[in-house]
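Chemist: One structure, as structure tokens, below. Some questions next.
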Amino acid sequence: MTTPNTDGSTTAHRHWDEVWKTGDGRADWSTVDPWVADTVALLRDRKVRDVLDLACGVGRHAVFFARSGFTCWAVDASDTAIEQSRVAAAEAGVDVDLRIGPMSHLPYPDDHFDYVLAYNAIYHGDRDAVRGHVREIHRVLRPGGLYQLTMLSRRNHNHGKGIEVGPGAFVQPEATDDKVHPHFYCDAAELIAINEPAALLRAHDEEHSAPGSFHWHCLFELPEEAGGTG
Ligand SMILES: C[S@@+](CC[C@H](N)C(=O)[O-])C[C@H]1O[C@@H](n2cnc3c(N)ncnc32)[C@H](O)[C@@H]1O
């Protein structure tokens, strides 16, 4: 059994590394989310070229973006995620720049991307850790860049379960999934606060496949004059 992490740091990749070793684990995360696919028209309108899939898992969205004609980078802290993303990109016949690295210190220079996707990614950790992940997105995005996130909603059925390791962040010591690692849950006001100074362009709070699994789905835009460390 995994030892629960109650110090608020971002350790969920240890769980995901084991998931990505199994065919069943990968199969659950192999289909492109239509909400992501629907963003491509906007990205084309905005003349987006360089995209990052942050915490890419086994590469479903990275491969999709590369196939759609974007220049694509992808990063994950799990070695197995990156190995499997490499396999997926080779099978699809596309180039994706794949790197192993943490969300807290992205292995890219400032102002490098036009768009970042972080799907079920940056809410791993306590509020400070999550704010650090957002700062990294702001740092690597160009001024005026777009980013698309899912965040755990306070309407999610797991909000409030287990030990509160910081405001809005919970660890479930008995869990057999990644909830033994800290997860941060937010309402609309917190969602906006944590992403300042980016502007929220769209958001909806919707269940994923499991009943009660509410996640925010949001699109943010950096101000033209900001960028940098945000
Ligand atoms: C729920 S999976 C989502 C994968 C992918 N975004 C997708 O939608 O298919 C979460 C991913 O976040 C990665 N992850 C967790 N903590 C991380 C960290 N601190 N730095 C980078 N990646 C991390 C995990 O390894 C895992 O691949």
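Letters A, B, ... mark the chains of the structure tokens in the order given; residue numbers begin at 1 per chain; ligand numbers begin at 1, in order shown.
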Could you give me, as a ChimeraX atom specification, the residues within 9 Å of A:Gly101, counting only C-alpha atoms and dropping anything in the same chain fewer than 5 positions from it?
Modeler: /A:55,75-79,106-107
Chemist: Can you list every residue of chain A that has an atom at most 7 Å from ligand 1, with its nearest atom pair and the distance in Å to one decimal, using only C-alpha atoms and all ligand atoms, ordered by chain then number, as CSV?
Modeler:
```
residue,atom,partner,partner_atom_place_in_ligand_line,distance
A:Thr10,CA,ligand 1,19 (N),4.8
A:Thr11,CA,ligand 1,16 (N),5.7
A:Ala12,CA,ligand 1,15 (C),4.7
A:His13,CA,ligand 1,25 (O),3.6
A:Arg14,CA,ligand 1,25 (O),6.9
A:Trp16,CA,ligand 1,25 (O),4.8
A:Asp17,CA,ligand 1,25 (O),5.8
A:Trp29,CA,ligand 1,9 (O),5.1
A:Ser30,CA,ligand 1,9 (O),6.9
A:Leu54,CA,ligand 1,6 (N),6.7
A:Ala55,CA,ligand 1,22 (N),4.2
A:Cys56,CA,ligand 1,5 (C),4.2
A:Gly57,CA,ligand 1,27 (O),3.4
A:Val58,CA,ligand 1,9 (O),6.2
A:Gly59,CA,ligand 1,9 (O),6.4
A:Arg60,CA,ligand 1,9 (O),5.8
A:His61,CA,ligand 1,9 (O),6.8
A:Val75,CA,ligand 1,21 (C),6.8
A:Asp76,CA,ligand 1,22 (N),4.0
A:Ala77,CA,ligand 1,21 (C),3.9
A:Ser78,CA,ligand 1,25 (O),4.5
A:Ala81,CA,ligand 1,27 (O),5.8
A:Gly101,CA,ligand 1,21 (C),5.8
A:Pro102,CA,ligand 1,20 (N),3.4
A:Met103,CA,ligand 1,20 (N),4.0
A:Ser104,CA,ligand 1,19 (N),6.4
A:Ala118,CA,ligand 1,6 (N),6.0
A:Tyr119,CA,ligand 1,6 (N),4.3
A:Asn120,CA,ligand 1,1 (C),4.9
A:Ala121,CA,ligand 1,12 (O),4.7
A:His124,CA,ligand 1,16 (N),6.0
```
Chemist: Could you give me, as a Markdown table, every stretch 49-153 of chain A residue with an atom at most 10 Å from stretch 158-176 of chain A, plus its closest atom pair and distance in Å to one decimal, counting only C-alpha atoms, rows ordered by chain then number?
Modeler:
```
| residue | atom | partner | partner_atom | distance |
| --- | --- | --- | --- | --- |
| A:Tyr123 | CA | A:Ala169 | CA | 9.0 |
| A:His124 | CA | A:Ala169 | CA | 9.0 |
| A:Gly125 | CA | A:Ala169 | CA | 7.2 |
| A:Asp126 | CA | A:Ala169 | CA | 5.2 |
| A:Arg127 | CA | A:Ala169 | CA | 6.8 |
| A:Asp128 | CA | A:Gly166 | CA | 8.9 |
| A:Leu152 | CA | A:His159 | CA | 8.5 |
| A:Ser153 | CA | A:His159 | CA | 7.8 |
```
Chemist: Would you output that residue set with C-alpha atoms, as a PDB file, in the first residue's frame?
Modeler:
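result.pdb written:
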```
ATOM      1  CA  TYR A 123      -4.590  20.305  -8.876  1.00  0.00           C
ATOM      2  CA  HIS A 124      -2.190  17.690  -7.496  1.00  0.00           C
ATOM      3  CA  GLY A 125      -0.802  19.269  -4.325  1.00  0.00           C
ATOM      4  CA  ASP A 126      -1.944  21.884  -1.810  1.00  0.00           C
ATOM      5  CA  ARG A 127      -2.915  25.465  -2.693  1.00  0.00           C
ATOM      6  CA  ASP A 128       0.683  26.735  -2.664  1.00  0.00           C
ATOM      7  CA  LEU A 152     -11.236  19.883  -9.133  1.00  0.00           C
ATOM      8  CA  SER A 153     -14.474  21.573  -8.112  1.00  0.00           C
TER       9      SER A 153
END
```
Chemist: In Å, how far is it from atom CA of A:Arg202 to atom CA of A:Val40?
Modeler: 15.1 Å
Chemist: Just asking: which residues within chain A are strand (DSSP E) according to DSSP, as number ranges by chain?
Modeler: A: 50-54, 71-76, 96-100, 113-118, 141-153, 163-166, 169-171, 183-186, 199-207, 214-221
